[in-house]
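Colleague: File final_14.tsv follows (TSV, C-alpha atoms and all ligand atoms):
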```
chain	number	residue	atom	x	y	z
A	1037	MET	CA	-10.89	-2.55	11.06
A	1038	VAL	CA	-11.37	0.93	9.67
A	1039	ILE	CA	-8.43	0.78	7.30
A	1040	THR	CA	-9.94	-2.14	5.41
A	1041	LYS	CA	-13.24	-0.32	5.02
A	1042	ALA	CA	-11.47	2.81	3.77
A	1043	MET	CA	-9.51	0.73	1.31
A	1044	LEU	CA	-12.69	-0.90	0.03
A	1045	ASP	CA	-14.44	2.44	-0.39
A	1046	LEU	CA	-11.49	3.77	-2.33
A	1047	ALA	CA	-11.44	0.73	-4.60
A	1048	LEU	CA	-15.18	1.00	-5.28
A	1049	ASP	CA	-14.75	4.67	-5.98
A	1050	GLN	CA	-12.08	3.99	-8.57
A	1051	ALA	CA	-14.07	1.19	-10.17
A	1052	GLU	CA	-16.79	3.71	-11.10
A	1053	GLY	CA	-19.57	1.18	-11.12
A	1054	ARG	CA	-17.69	-1.73	-12.59
A	1055	ARG	CA	-17.08	-5.00	-10.84
A	1056	VAL	CA	-13.82	-5.17	-8.91
A	1057	THR	CA	-12.03	-8.46	-9.52
A	1058	GLY	CA	-8.76	-7.79	-7.76
A	1059	ILE	CA	-7.11	-5.30	-5.44
A	1060	THR	CA	-3.38	-4.87	-4.99
A	1061	LEU	CA	-2.28	-3.52	-1.65
A	1062	GLN	CA	1.09	-2.43	-0.44
A	1063	VAL	CA	1.76	-3.27	3.15
A	1064	GLY	CA	4.58	-1.48	4.92
A	1065	GLU	CA	7.40	-3.65	6.14
A	1066	ILE	CA	6.97	-2.29	9.64
A	1067	SER	CA	3.25	-1.70	9.55
A	1068	SER	CA	1.08	-3.56	11.99
A	1069	VAL	CA	-1.26	-4.62	9.20
A	1070	VAL	CA	-1.75	-8.37	9.03
A	1071	PRO	CA	-2.77	-9.48	5.51
A	1072	GLY	CA	-4.75	-12.40	6.89
A	1073	SER	CA	-7.02	-10.19	8.96
A	1074	VAL	CA	-7.37	-7.65	6.16
A	1075	GLU	CA	-8.74	-10.48	4.04
A	1076	ILE	CA	-11.24	-11.48	6.68
A	1077	PHE	CA	-12.46	-7.91	7.18
A	1078	PHE	CA	-12.54	-7.35	3.45
A	1079	LYS	CA	-14.73	-10.37	2.93
A	1080	HIS	CA	-17.10	-9.02	5.54
A	1081	PHE	CA	-17.26	-5.44	4.27
A	1082	SER	CA	-17.37	-6.27	0.58
A	1083	LYS	CA	-20.42	-8.47	0.84
A	1084	ASP	CA	-23.16	-7.22	-1.49
A	1085	THR	CA	-20.86	-4.64	-3.06
A	1086	LEU	CA	-19.26	-4.66	-6.50
A	1087	ALA	CA	-16.05	-5.81	-4.88
A	1088	GLU	CA	-17.49	-8.99	-3.46
A	1089	GLY	CA	-15.23	-11.91	-4.27
A	1090	ALA	CA	-12.33	-9.71	-5.39
A	1091	LYS	CA	-8.90	-11.19	-4.89
A	1092	LEU	CA	-6.50	-9.33	-2.65
A	1093	HIS	CA	-2.84	-9.17	-3.59
A	1094	PHE	CA	-0.28	-7.98	-1.11
A	1095	GLU	CA	3.05	-6.39	-1.81
A	1096	VAL	CA	5.60	-5.41	0.76
A	1097	LEU	CA	6.57	-1.77	0.91
A	1098	PRO	CA	10.15	-1.73	2.12
A	1099	LEU	CA	11.27	0.25	5.11
A	1100	GLU	CA	12.80	3.59	4.17
A	1101	MET	CA	14.66	5.94	6.44
A	1102	ALA	CA	15.97	9.43	5.90
A	1103	CYS	CA	18.08	11.92	7.79
A	1104	ARG	CA	16.20	14.93	9.03
A	1105	ASP	CA	19.32	17.06	9.10
A	1106	CYS	CA	20.63	16.65	5.56
A	1107	GLY	CA	17.75	14.85	3.86
A	1108	GLU	CA	19.79	11.86	2.83
A	1109	VAL	CA	17.75	8.73	2.24
A	1110	PHE	CA	19.38	5.63	3.62
A	1111	ASP	CA	20.11	2.69	1.43
A	1112	LEU	CA	18.95	-0.20	3.56
A	1113	SER	CA	19.14	-2.77	0.79
A	1114	PRO	CA	22.54	-4.20	1.87
A	1115	LEU	CA	20.75	-5.37	4.99
A	1116	LYS	CA	18.61	-7.76	3.03
A	1117	GLY	CA	17.50	-10.67	5.13
A	1118	VAL	CA	17.69	-8.60	8.25
A	1119	GLY	CA	14.37	-7.95	9.92
A	1120	PRO	CA	12.89	-4.46	9.57
A	1121	HIS	CA	13.29	-3.63	13.23
A	1122	ALA	CA	16.90	-4.73	13.23
A	1123	LYS	CA	17.43	-2.59	10.14
A	1124	MET	CA	16.06	0.43	11.95
A	1125	GLU	CA	18.26	-0.28	14.91
A	1126	ARG	CA	21.36	-0.53	12.76
A	1127	ALA	CA	20.54	2.70	10.99
A	1128	PHE	CA	20.17	4.46	14.32
A	1129	VAL	CA	23.44	3.02	15.63
A	1130	GLN	CA	25.27	3.89	12.45
A	1131	GLY	CA	23.86	7.37	12.16
A	1132	CYS	CA	24.02	9.53	9.08
A	1133	ARG	CA	27.07	10.39	7.01
A	1134	CYS	CA	26.57	14.03	7.93
A	1135	GLY	CA	27.27	13.11	11.53
A	1136	GLY	CA	23.70	13.58	12.65
A	1137	ASN	CA	21.53	10.94	14.13
A	1138	ASN	CA	18.21	12.56	13.53
A	1139	LEU	CA	16.63	9.76	11.54
A	1140	ASP	CA	13.09	9.39	10.45
A	1141	VAL	CA	11.09	6.54	8.97
A	1142	VAL	CA	9.73	7.82	5.67
A	1143	GLY	CA	8.46	4.67	4.02
A	1144	GLY	CA	7.31	1.16	4.75
A	1145	ILE	CA	4.56	2.09	7.14
A	1146	GLY	CA	0.84	1.63	6.85
A	1147	LEU	CA	-1.26	0.26	4.05
A	1148	GLU	CA	-1.67	1.66	0.58
A	1149	LEU	CA	-4.00	0.83	-2.24
A	1150	LYS	CA	-1.78	0.33	-5.26
A	1151	SER	CA	-4.17	-0.68	-8.00
A	1152	ILE	CA	-7.40	-2.44	-8.73
A	1153	ASP	CA	-8.53	-4.80	-11.44
A	1154	VAL	CA	-11.97	-4.25	-12.87
A	1155	ASP	CA	-14.21	-6.15	-15.19
A	1156	GLU	CA	-14.50	-3.78	-18.15
A	1157	ASP	CA	-17.68	-5.40	-19.36
A	1158	SER	CA	-19.58	-4.88	-16.16
A	1159	GLY	CA	-21.49	-1.92	-14.88
A	1160	GLN	CA	-22.89	1.02	-16.78
A	1161	ALA	CA	-19.90	3.32	-16.65
A	1162	GLY	CA	-19.63	3.32	-20.43
A	1163	GLY	CA	-16.02	2.27	-20.28
A	1164	GLY	CA	-13.21	3.32	-22.52
A	1165	GLU	CA	-11.88	6.35	-20.74
A	1166	ILE	CA	-9.09	4.50	-18.99
A	1167	GLY	CA	-7.89	2.70	-22.08
A	1168	SER	CA	-7.48	-1.02	-22.35
A	1169	GLY	CA	-5.39	-1.43	-19.22
A	1170	GLN	CA	-7.13	-2.89	-16.26
A	1171	THR	CA	-4.94	-1.29	-13.68
A	1172	LEU	CA	-5.90	2.01	-12.19
A	1173	GLY	CA	-4.14	4.43	-9.96
A	1174	ASP	CA	-0.47	3.93	-10.54
A	1175	GLN	CA	0.71	7.35	-9.54
A	1176	PRO	CA	-1.32	8.48	-6.63
A	1177	ASP	CA	0.39	9.44	-3.44
A	1178	ASP	CA	-2.95	10.80	-2.43
A	1179	LEU	CA	-4.37	7.30	-2.28
A	1180	GLU	CA	-2.42	6.63	0.84
A	1181	ILE	CA	-4.46	5.36	3.73
A	1182	ARG	CA	-3.19	6.02	7.19
B	1201	ZN	ZN	22.33	13.50	7.54
```
As structure tokens - that is how I would like this structure written.
Ligand SMILES: [Zn+2]

Modeller:
Amino acid sequence: MVITKAMLDLALDQAEGRRVTGITLQVGEISSVVPGSVEIFFKHFSKDTLAEGAKLHFEVLPLEMACRDCGEVFDLSPLKGVGPHAKMERAFVQGCRCGGNNLDVVGGIGLELKSIDVDEDSGQAGGGEIGSGQTLGDQPDDLEIR
């Protein structure tokens, strides 16, 4: 599972030589990623790396749809409790307020690395440059793994 390996590499990269104790991942609501198998692959790939034994945390990235014609982003939250695929279907049936039906899925797909937890006392990175917080990489869109 290439995506798990890429995610691990990214986490190790961010840890800069420190031990990784936890990794938070965002899994798209309609992604085909199965957390259980990510964990199995992770265990396999992380063996003998600084991320061995790290805990994986999964968060759901909600489905997001937008209109290609007018750019409006759909508010799908009223459909809480409805499955993601049913949500998509309803959005398509309903169409956009602008009258168009040129909808696109813009969020809730794939797997993203949200943050990692590191052991500040480990490694020889010197520490200090990311402050006292243990969470890295809050902002990055460029961390997205496809
Ligand atoms: Zn529209």

Colleague: Between A:Asp1153, A:Ala1127, A:Glu1108, A:Gly1144, single out the one closest to ligand ZN 1201 (chain B), counting only C-alpha atoms and all ligand atoms.

Modeller: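 Once distances to ligand ZN 1201 (chain B) are computed over only C-alpha atoms and all ligand atoms, the minimum belongs to A:Glu1108.
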
Colleague: Would you be able to write out as a list in words which residues have an atom within 10 Å of (3.9, -3.9, -0.5) in the file's coordinates, counting only C-alpha atoms?

Modeller: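 I get Thr1060, Leu1061, Gln1062, Val1063, Gly1064, Glu1065, His1093, Phe1094, Glu1095, Val1096, Leu1097, Pro1098, Gly1144, Ile1145, Gly1146, Leu1147, Glu1148, Leu1149 and Lys1150 of chain A for the residues within 10 Å of that point.
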
Colleague: Could you list, as a list in words, every residue within 12 Å of Gly1131 of chain A, counting only C-alpha atoms and ignoring same-chain residues fewer than 2 positions away?

Modeller: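 The contact residues come out as Met1101, Ala1102, Cys1103, Arg1104, Asp1105, Cys1106, Glu1108, Val1109, Phe1110, Met1124, Glu1125, Arg1126, Ala1127, Phe1128, Val1129, Arg1133, Cys1134, Gly1135, Gly1136, Asn1137, Asn1138, Leu1139 and Asp1140 of chain A.
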
Colleague: Go ahead and save the residues from that selection, with C-alpha atoms, as a PDB file, in the coordinates of the input.

Modeller:
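File produced: again_27.pdb:
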```
ATOM      1  CA  MET A1101      14.660   5.940   6.440  1.00  0.00           C
ATOM      2  CA  ALA A1102      15.970   9.430   5.900  1.00  0.00           C
ATOM      3  CA  CYS A1103      18.080  11.920   7.790  1.00  0.00           C
ATOM      4  CA  ARG A1104      16.200  14.930   9.030  1.00  0.00           C
ATOM      5  CA  ASP A1105      19.320  17.060   9.100  1.00  0.00           C
ATOM      6  CA  CYS A1106      20.630  16.650   5.560  1.00  0.00           C
ATOM      7  CA  GLU A1108      19.790  11.860   2.830  1.00  0.00           C
ATOM      8  CA  VAL A1109      17.750   8.730   2.240  1.00  0.00           C
ATOM      9  CA  PHE A1110      19.380   5.630   3.620  1.00  0.00           C
ATOM     10  CA  MET A1124      16.060   0.430  11.950  1.00  0.00           C
ATOM     11  CA  GLU A1125      18.260  -0.280  14.910  1.00  0.00           C
ATOM     12  CA  ARG A1126      21.360  -0.530  12.760  1.00  0.00           C
ATOM     13  CA  ALA A1127      20.540   2.700  10.990  1.00  0.00           C
ATOM     14  CA  PHE A1128      20.170   4.460  14.320  1.00  0.00           C
ATOM     15  CA  VAL A1129      23.440   3.020  15.630  1.00  0.00           C
ATOM     16  CA  ARG A1133      27.070  10.390   7.010  1.00  0.00           C
ATOM     17  CA  CYS A1134      26.570  14.030   7.930  1.00  0.00           C
ATOM     18  CA  GLY A1135      27.270  13.110  11.530  1.00  0.00           C
ATOM     19  CA  GLY A1136      23.700  13.580  12.650  1.00  0.00           C
ATOM     20  CA  ASN A1137      21.530  10.940  14.130  1.00  0.00           C
ATOM     21  CA  ASN A1138      18.210  12.560  13.530  1.00  0.00           C
ATOM     22  CA  LEU A1139      16.630   9.760  11.540  1.00  0.00           C
ATOM     23  CA  ASP A1140      13.090   9.390  10.450  1.00  0.00           C
TER      24      ASP A1140
END
```

Colleague: What is the distance between atom CA of Gly1107 of chain A and atom CA of Cys1132 of chain A, in Å to one decimal?

Modeller: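 Answer for the atom CA of Gly1107 of chain A to atom CA of Cys1132 of chain A separation: 9.7 Å.
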
Colleague: Could you check which of A:Ser1068, A:Thr1085, A:Gln1130, A:Thr1057 is closest to ligand ZN 1201 (chain B), using only C-alpha atoms and all ligand atoms?

Modeller: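 Closest candidate: A:Gln1130.
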
Colleague: Between A:Gly1058, A:Phe1081, A:Ser1073, A:Ser1151, which has the minimum distance to Leu1044 of chain A (counting all atoms listed in the file)?

Modeller: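 Of A:Gly1058, A:Phe1081, A:Ser1073, A:Ser1151, the one nearest Leu1044 of chain A, counting all atoms listed in the file, is A:Phe1081.
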
Colleague: Calculate how many Å separate atom CA of Gly1053 of chain A from atom CA of Lys1079 of chain A, rounding to one decimal.

Modeller: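 Between atom CA of Gly1053 of chain A and atom CA of Lys1079 of chain A the gap is 18.8 Å.
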
Colleague: Just give me the gap between atom CA of Pro1120 of chain A and atom CA of Leu1099 of chain A in Å, one decimal is fine.

Modeller: 6.7 Å

Colleague: Could you put an axis-aligned box around every listed atom of segment 1066-1070 of chain A, padded by 4 Å on each side, and send me its centre and edge lengths in Å to one decimal, as JSON?

Modeller:
```
{"center_x": 2.6, "center_y": -5.0, "center_z": 10.5, "size_x": 16.7, "size_y": 14.7, "size_z": 11.0}
```

Colleague: Can you work out which one of A:Ile1039, A:Val1056, A:Ala1051, A:Leu1046 has the shortest atom-to-atom distance to Val1074 of chain A, counting all atoms listed in the file?

Modeller: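 Nearest to Val1074 of chain A: A:Ile1039.
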
Colleague: Counting only C-alpha atoms, find the residues whose atoms lie at most 9 Å from (-5.1, -14.3, -1.4) (file coordinates) and write them out as a list in words.

Modeller: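 Here is the list of nearby residues: Pro1071, Gly1072, Glu1075, Lys1091, Leu1092, His1093 and Phe1094 of chain A.
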